[in-house]
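Enquirer: Coordinates in run.csv, CSV, C-alpha atoms, are listed below.
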```
chain,number,residue,atom,x,y,z
A,474,MET,CA,-0.7,9.3,-5.4
A,475,ASP,CA,-2.9,9.2,-2.3
A,476,TRP,CA,-1.3,12.1,-0.5
A,477,ARG,CA,-4.1,12.2,2.1
A,478,ASN,CA,-2.6,9.0,3.6
A,479,LEU,CA,0.5,10.9,4.5
A,480,PRO,CA,0.9,12.3,8.1
A,481,ARG,CA,-0.2,15.8,9.0
A,482,SER,CA,2.3,18.2,10.3
A,483,GLY,CA,0.6,19.6,13.4
A,484,GLY,CA,2.3,23.0,13.0
A,485,GLY,CA,1.1,26.6,12.8
A,486,VAL,CA,0.0,28.3,9.5
A,487,GLN,CA,1.7,31.3,8.0
A,488,THR,CA,0.8,33.5,5.1
A,489,GLY,CA,3.4,35.1,2.9
A,490,GLY,CA,2.7,38.3,1.0
A,491,GLY,CA,-0.8,38.4,-0.3
A,492,GLY,CA,-1.2,34.8,-1.0
A,493,LEU,CA,-2.7,31.5,0.0
A,494,PRO,CA,-1.9,30.0,3.4
A,495,GLY,CA,1.3,28.1,3.9
A,496,GLY,CA,2.4,26.2,7.0
A,497,GLY,CA,4.9,25.8,9.8
A,498,LEU,CA,4.9,22.1,9.4
A,499,ALA,CA,6.2,19.6,11.9
A,500,VAL,CA,5.8,15.9,12.6
A,501,GLY,CA,8.0,13.3,14.3
A,502,GLY,CA,8.8,9.8,13.3
A,503,GLY,CA,11.6,7.4,12.3
A,504,ILE,CA,13.2,5.4,9.5
A,505,GLY,CA,16.7,4.1,9.1
A,506,GLY,CA,19.7,5.8,7.6
A,507,LEU,CA,23.2,6.9,8.2
A,508,ILE,CA,23.4,10.2,6.6
A,509,ILE,CA,25.9,11.6,9.1
A,510,ALA,CA,28.6,9.3,7.6
A,511,LEU,CA,28.5,11.6,4.6
A,512,ILE,CA,28.8,14.9,6.3
A,513,ALA,CA,32.5,15.3,5.6
A,514,MET,CA,31.9,14.6,1.9
A,515,PHE,CA,29.0,16.9,1.2
A,516,PHE,CA,28.8,20.6,0.5
A,517,GLY,CA,25.6,22.6,0.9
A,518,VAL,CA,23.5,25.6,-0.2
A,519,ASP,CA,25.0,28.8,-1.5
A,520,PRO,CA,22.4,31.5,-0.4
A,521,SER,CA,23.5,33.8,-3.2
A,522,VAL,CA,22.4,31.3,-5.8
A,523,ILE,CA,18.9,31.8,-4.5
A,524,THR,CA,18.9,35.5,-3.6
A,525,GLY,CA,21.5,37.1,-5.9
A,526,GLY,CA,23.5,38.0,-2.8
A,527,THR,CA,20.8,40.4,-1.5
A,528,GLN,CA,19.9,40.2,2.1
A,529,ALA,CA,16.9,41.8,3.7
A,530,PRO,CA,15.5,41.9,7.2
A,531,PRO,CA,13.6,38.7,8.2
A,532,ALA,CA,10.0,38.5,7.2
A,533,GLN,CA,7.5,39.5,9.8
A,534,THR,CA,5.3,36.6,10.8
A,535,GLN,CA,1.6,37.3,10.3
A,536,PRO,CA,-1.0,36.1,12.7
A,537,GLN,CA,-2.1,32.5,12.3
A,538,THR,CA,-4.8,32.1,9.7
A,539,GLN,CA,-7.0,29.4,8.4
A,540,PRO,CA,-7.5,28.6,4.7
A,541,GLY,CA,-10.5,30.3,3.1
A,542,THR,CA,-12.0,28.8,0.0
A,543,ALA,CA,-12.4,25.1,-0.6
A,544,GLY,CA,-9.5,25.2,-3.1
A,545,GLU,CA,-7.3,27.0,-0.6
A,546,THR,CA,-8.2,24.4,2.1
A,547,GLU,CA,-7.2,21.5,-0.2
A,548,GLU,CA,-4.0,23.2,-1.2
A,549,TYR,CA,-3.1,23.9,2.4
A,550,GLU,CA,-3.8,20.2,3.3
A,551,PHE,CA,-1.7,19.0,0.4
A,552,LEU,CA,1.3,21.2,1.5
A,553,ASP,CA,0.8,20.2,5.1
A,554,ARG,CA,0.9,16.5,4.4
A,555,ILE,CA,3.8,16.6,2.1
A,556,LEU,CA,5.9,18.6,4.5
A,557,GLY,CA,4.7,16.5,7.4
A,558,SER,CA,5.9,13.4,5.6
A,559,THR,CA,9.3,14.9,4.8
A,560,ASN,CA,9.7,15.9,8.4
A,561,GLU,CA,8.9,12.3,9.5
A,562,VAL,CA,11.4,10.8,7.1
A,563,TRP,CA,14.3,13.2,7.9
A,564,SER,CA,13.6,13.2,11.6
A,565,GLY,CA,14.1,9.4,11.5
A,566,VAL,CA,17.3,9.7,9.5
A,567,PHE,CA,18.8,12.2,11.9
A,568,GLN,CA,17.6,10.2,14.9
A,569,GLN,CA,19.5,7.2,13.7
A,570,ALA,CA,22.6,9.3,13.8
A,571,ALA,CA,21.8,10.6,17.3
A,572,ARG,CA,21.0,14.1,16.0
A,573,THR,CA,17.9,16.2,16.2
A,574,TYR,CA,16.3,17.4,13.0
A,575,THR,CA,15.0,21.0,13.1
A,576,LYS,CA,11.8,21.0,11.0
A,577,PRO,CA,11.5,23.8,8.4
A,578,ILE,CA,8.7,26.3,8.0
A,579,LEU,CA,6.8,26.4,4.7
A,580,VAL,CA,5.4,29.7,3.5
A,581,SER,CA,3.2,29.9,0.5
A,582,PHE,CA,2.6,33.2,-1.2
A,583,ARG,CA,1.4,34.8,-4.4
A,584,GLY,CA,3.4,37.5,-6.2
A,585,SER,CA,6.2,38.4,-3.7
A,586,VAL,CA,7.2,37.9,-0.1
A,587,PRO,CA,9.9,39.3,2.1
A,588,THR,CA,12.4,36.7,3.4
A,589,ALA,CA,15.7,36.7,5.4
A,590,CYS,CA,17.4,36.1,2.1
A,591,GLY,CA,15.9,39.0,0.2
A,592,GLN,CA,12.6,39.6,-1.6
A,593,GLY,CA,11.1,36.4,-3.0
A,594,THR,CA,9.1,36.7,-6.2
A,595,SER,CA,7.1,34.5,-8.5
A,596,ALA,CA,10.0,34.6,-11.0
A,597,THR,CA,12.3,33.0,-8.4
A,598,GLY,CA,10.3,29.8,-8.3
A,599,PRO,CA,10.2,27.7,-5.1
A,600,PHE,CA,13.3,28.2,-3.0
A,601,TYR,CA,14.8,27.5,0.4
A,602,CYS,CA,16.3,30.3,2.5
A,603,PRO,CA,18.9,29.0,4.9
A,604,LEU,CA,19.0,32.2,6.9
A,605,ASP,CA,15.5,31.6,8.3
A,606,ASN,CA,15.0,27.9,7.7
A,607,LYS,CA,11.9,28.5,5.6
A,608,ILE,CA,10.8,27.1,2.2
A,609,TYR,CA,8.9,29.6,0.1
A,610,ILE,CA,6.5,28.5,-2.6
A,611,ASP,CA,4.4,30.6,-4.9
A,612,THR,CA,1.7,28.1,-5.5
A,613,ALA,CA,1.1,29.5,-8.9
A,614,PHE,CA,4.3,27.7,-9.9
A,615,PHE,CA,2.3,24.4,-9.9
A,616,ALA,CA,0.0,25.7,-12.6
A,617,GLN,CA,3.1,26.9,-14.5
A,618,MET,CA,4.5,23.4,-14.3
A,619,ASP,CA,1.4,22.1,-16.0
A,620,ARG,CA,1.4,24.7,-18.7
A,621,GLN,CA,5.0,25.3,-19.6
A,622,LEU,CA,7.4,22.8,-18.1
A,623,GLY,CA,5.8,19.6,-19.3
A,624,GLY,CA,5.4,18.4,-15.8
A,625,GLY,CA,2.5,18.2,-13.4
A,626,GLY,CA,0.6,16.0,-11.0
A,627,ASP,CA,0.6,15.6,-7.2
A,628,PHE,CA,3.8,13.6,-7.1
A,629,ALA,CA,5.6,16.0,-9.4
A,630,TYR,CA,4.5,18.9,-7.1
A,631,SER,CA,5.7,16.8,-4.1
A,632,TYR,CA,9.1,16.3,-5.7
A,633,VAL,CA,9.5,20.1,-6.0
A,634,ILE,CA,8.8,20.5,-2.3
A,635,ALA,CA,11.0,17.5,-1.3
A,636,HIS,CA,13.8,19.0,-3.3
A,637,GLU,CA,13.7,22.2,-1.3
A,638,VAL,CA,13.5,20.2,1.9
A,639,GLY,CA,16.7,18.5,0.6
A,640,HIS,CA,18.4,21.9,0.8
A,641,HIS,CA,17.2,22.3,4.4
A,642,VAL,CA,18.7,18.9,5.2
A,643,GLN,CA,22.0,20.1,3.7
A,644,ASN,CA,21.8,23.2,5.8
A,645,GLU,CA,21.0,21.3,8.9
A,646,LEU,CA,24.2,19.3,8.5
A,647,GLY,CA,26.3,22.5,8.5
A,648,ILE,CA,27.4,22.1,4.9
A,649,ALA,CA,26.0,25.3,3.5
A,650,ASP,CA,29.0,27.2,4.6
A,651,GLN,CA,31.3,24.7,3.0
A,652,VAL,CA,29.9,25.2,-0.4
A,653,THR,CA,30.0,29.0,0.0
A,654,ARG,CA,33.7,28.9,0.9
A,655,ALA,CA,34.3,26.5,-2.0
A,656,GLN,CA,32.6,28.8,-4.4
A,657,GLN,CA,34.4,31.8,-3.1
A,658,GLY,CA,37.7,30.0,-3.5
A,659,ALA,CA,36.9,28.8,-7.0
A,660,ARG,CA,39.4,29.9,-9.7
A,661,THR,CA,36.7,30.2,-12.5
A,662,GLU,CA,33.0,30.9,-12.7
A,663,ALA,CA,32.6,27.4,-14.2
A,664,GLU,CA,34.2,25.8,-11.2
A,665,ALA,CA,32.0,27.8,-8.9
A,666,ASN,CA,29.0,26.7,-10.9
A,667,SER,CA,30.0,23.1,-10.6
A,668,TYR,CA,29.6,23.2,-6.8
A,669,GLY,CA,26.0,24.5,-7.3
A,670,VAL,CA,25.3,21.6,-9.7
A,671,ARG,CA,26.6,19.0,-7.3
A,672,LEU,CA,24.5,20.6,-4.6
A,673,GLU,CA,21.3,20.6,-6.6
A,674,LEU,CA,21.7,17.0,-7.8
A,675,GLN,CA,22.2,15.9,-4.2
A,676,ALA,CA,18.9,17.7,-3.3
A,677,ASP,CA,17.2,15.8,-6.2
A,678,CYS,CA,18.6,12.5,-4.8
A,679,PHE,CA,17.3,13.4,-1.3
A,680,ALA,CA,13.9,14.1,-2.8
A,681,GLY,CA,14.1,10.6,-4.3
A,682,VAL,CA,15.0,9.1,-0.9
A,683,TRP,CA,11.8,10.7,0.5
A,684,GLY,CA,9.8,9.3,-2.3
A,685,ASN,CA,11.1,5.8,-1.7
A,686,GLN,CA,10.2,6.1,2.0
A,687,VAL,CA,6.6,7.2,1.4
A,688,SER,CA,5.9,5.1,-1.7
A,689,SER,CA,3.9,2.4,0.1
A,690,LEU,CA,1.9,4.8,2.3
A,691,ALA,CA,1.1,7.1,-0.6
A,692,ASN,CA,0.4,4.2,-3.0
A,693,LEU,CA,2.7,5.5,-5.6
A,694,THR,CA,2.2,4.2,-9.2
A,695,GLN,CA,4.5,4.1,-12.2
A,696,GLU,CA,2.6,7.1,-13.5
A,697,ASP,CA,3.4,9.1,-10.4
A,698,VAL,CA,7.1,8.3,-10.8
A,699,ARG,CA,6.9,9.4,-14.5
A,700,GLU,CA,5.4,12.7,-13.3
A,701,ALA,CA,8.4,13.4,-11.1
A,702,VAL,CA,10.8,12.3,-13.8
A,703,ASN,CA,9.2,14.5,-16.4
A,704,THR,CA,9.4,17.4,-14.1
A,705,ALA,CA,13.1,16.8,-13.3
A,706,ALA,CA,13.8,16.6,-17.0
A,707,ALA,CA,11.8,19.8,-17.7
A,708,ILE,CA,13.9,21.9,-15.3
A,709,GLY,CA,17.3,20.7,-16.4
A,710,ASP,CA,19.7,23.5,-17.3
A,711,ASP,CA,20.2,22.2,-20.8
A,712,THR,CA,16.4,22.0,-21.5
A,713,LEU,CA,15.8,25.5,-20.1
A,714,GLN,CA,18.7,27.0,-22.0
A,715,ARG,CA,17.7,25.4,-25.2
A,716,GLN,CA,14.2,26.8,-24.8
A,717,SER,CA,15.2,30.3,-23.8
A,718,ARG,CA,18.3,30.9,-26.0
A,719,GLY,CA,18.4,28.1,-28.5
A,720,TYR,CA,21.7,26.6,-27.5
A,721,VAL,CA,23.4,25.1,-24.4
A,722,VAL,CA,26.4,26.4,-22.4
A,723,PRO,CA,27.4,23.6,-20.0
A,724,ASP,CA,29.9,25.7,-18.0
A,725,SER,CA,27.0,28.0,-17.0
A,726,PHE,CA,24.9,25.2,-15.5
A,727,THR,CA,23.9,25.7,-11.9
A,728,HIS,CA,21.4,22.9,-11.4
A,729,GLY,CA,22.5,20.1,-13.7
A,730,SER,CA,21.3,18.7,-17.0
A,731,SER,CA,17.9,17.1,-17.5
A,732,GLN,CA,19.5,13.6,-17.6
A,733,GLN,CA,21.5,14.3,-14.5
A,734,ARG,CA,18.5,15.5,-12.5
A,735,VAL,CA,16.5,12.4,-13.6
A,736,ASN,CA,19.4,10.1,-12.8
A,737,TRP,CA,20.0,11.4,-9.3
A,738,PHE,CA,16.3,11.6,-8.4
A,739,MET,CA,16.0,7.9,-9.4
A,740,THR,CA,19.2,7.0,-7.5
A,741,GLY,CA,17.5,8.2,-4.3
A,742,PHE,CA,14.1,6.8,-5.2
A,743,LYS,CA,15.4,3.3,-6.0
A,744,SER,CA,17.7,3.0,-3.0
A,745,GLY,CA,15.9,5.0,-0.3
A,746,ASP,CA,19.4,5.5,1.1
A,747,PRO,CA,20.8,9.0,1.6
A,748,ASN,CA,24.3,7.5,1.6
A,749,GLN,CA,23.9,6.9,-2.1
A,750,CYS,CA,23.5,10.6,-2.7
A,751,ASP,CA,27.2,11.5,-2.8
A,752,THR,CA,27.5,13.9,-5.7
A,753,PHE,CA,30.8,15.4,-4.5
A,754,ASN,CA,33.2,12.5,-4.5
A,755,ARG,CA,33.1,11.6,-8.1
A,756,ASP,CA,34.4,13.1,-11.3
A,757,TYR,CA,32.3,16.1,-12.4
A,758,ASN,CA,32.0,14.6,-15.9
A,759,GLN,CA,30.6,11.4,-14.4
A,760,LEU,CA,27.7,12.9,-12.5
```
What would you get if you wrote out this structure as structure tokens?
Expert:
Amino acid sequence: MDWRNLPRSGGGVQTGGGGLPGGGLAVGGGIGGLIIALIAMFFGVDPSVITGGTQAPPAQTQPQTQPGTAGETEEYEFLDRILGSTNEVWSGVFQQAARTYTKPILVSFRGSVPTACGQGTSATGPFYCPLDNKIYIDTAFFAQMDRQLGGGGDFAYSYVIAHEVGHHVQNELGIADQVTRAQQGARTEAEANSYGVRLELQADCFAGVWGNQVSSLANLTQEDVREAVNTAAAIGDDTLQRQSRGYVVPDSFTHGSSQQRVNWFMTGFKSGDPNQCDTFNRDYNQL
């Protein structure tokens, strides 16, 4: 993956906690798409899935800084270009529907960071906070992917970022409140979890749509795609449960099985069409 071919963001830089620099990333552009046709079908992000229902005051923005070491500079540029490209893709999709896409802020950190959704920690993994429209990434997660999750490489890391951007897209469409209400009205915990699964699989599909749109510019190879697929498989609920407890409880899934995550990422990647990412209007057992 030649990520240096992707557009820069042009935004300001933020630091979260005591970590490496992150970015307020923004770039304009345009591609086709009719995502608004799906608004009535889709549900969105439940903040409590990310934060455990804890809400804290918004994080204080620190003064703009520049990357320090050579490694930090390259890491910053990587995040900047991936977020810049997602902004270009989704700005174009929204433009086609006569809407304006509000570009999210990306904050990288090490250890912990205060957010509008509560305290973010390394244990949380990358997450999107809909209350402040920010994506938080402890960049040590990428090393963890290499060591423990069986996934790694630039396109795999990009998939993780694009997935969180997918949650921002869902929030932008006003569907976060819909899933929250649906989960609150669920009769069982399994039913409530099912909305989360649909939401996460849709974000995987949106990540695939982004991958399709940048594939030529980034010179993606089959090996790059395998990296993303391996990562999607490694973070499936069934795989993680089997590793942690030795057995699988499907009713407790909140993100989807490994096969589901792979399937929906590839649906978006092969089609490049967000209209193909409808995870809500089909039988749950057929996802």
Enquirer: So, counting all atoms listed in the file, which residue among A:Gly598, A:Leu646, A:Gln651, A:Gln733 is closest to Ala570 of chain A?
Expert: A:Leu646
Enquirer: Ranking A:Val642, A:Leu674, A:Met739, A:Ala665 by minimum distance to Ser564 of chain A and counting all atoms listed in the file, which one comes first?
Expert: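 Among the listed residues, the smallest separation from Ser564 of chain A belongs to A:Val642.
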Enquirer: Find the residue from A:Ser558, A:Thr594, A:Thr661, A:Thr704 that sits nearest to Ser725 of chain A; use all atoms listed in the file when measuring.
Expert: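 When distances to Ser725 of chain A are compared using all atoms listed in the file, the smallest one comes from A:Thr661.
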Enquirer: Please report the interatomic distance between atom CA of Arg583 of chain A and atom CA of Ser730 of chain A in Å with one decimal.
Expert: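 Distance between the two atoms: 28.5 Å.
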Enquirer: I need the residue nearest Val698 of chain A from this list: A:Val721, A:Val586, A:Cys602, A:Val735. Use all atoms listed in the file for the distance.
Expert: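 Closest to Val698 of chain A, using all atoms listed in the file: A:Val735.
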Enquirer: For the atom pair atom CA of Gly741 of chain A and atom CA of Trp683 of chain A, what is the interatomic distance in Å to one decimal place?
Expert: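 Computing it gives 7.9 Å between the two atoms.
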Enquirer: Please tell me which residues are no farther than 12 Å from (18.2, 24.3, -21.6) in the file, counting only C-alpha atoms, and write them as a VMD selection string.
Expert: chain A and resid 622 706 to 723 725 to 732
Enquirer: Just the number, please: distance in Å from atom CA of Ser581 of chain A to atom CA of Asp611 of chain A, one decimal.
Expert: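 So the two atoms, atom CA of Ser581 of chain A and atom CA of Asp611 of chain A, lie 5.6 Å apart.
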Enquirer: I'd like the neighbourhood of Phe738 of chain A as number ranges by chain, where a residue qualifies if any of its atoms comes within 7 Å (using all atoms listed in the file), though same-chain residues fewer than 2 positions away should be ignored.
Expert: A: 677-678, 680-681, 734-736, 740-742
Enquirer: Which neighbours of His636 of chain A fall inside 7 Å, counting all atoms listed in the file, when residues of the same chain fewer than 3 positions from it are skipped, and could you give them as a list in words?
Expert: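 Answer for this query is Tyr632, Val633, Gly639, His640, Ala676, Asp677, Phe679 and Ala680 of chain A.
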Enquirer: Of the candidates A:Glu637, A:Gly557, A:Asp605, A:Lys576, which one gets nearest to Thr588 of chain A if we count all atoms listed in the file?
Expert: A:Asp605
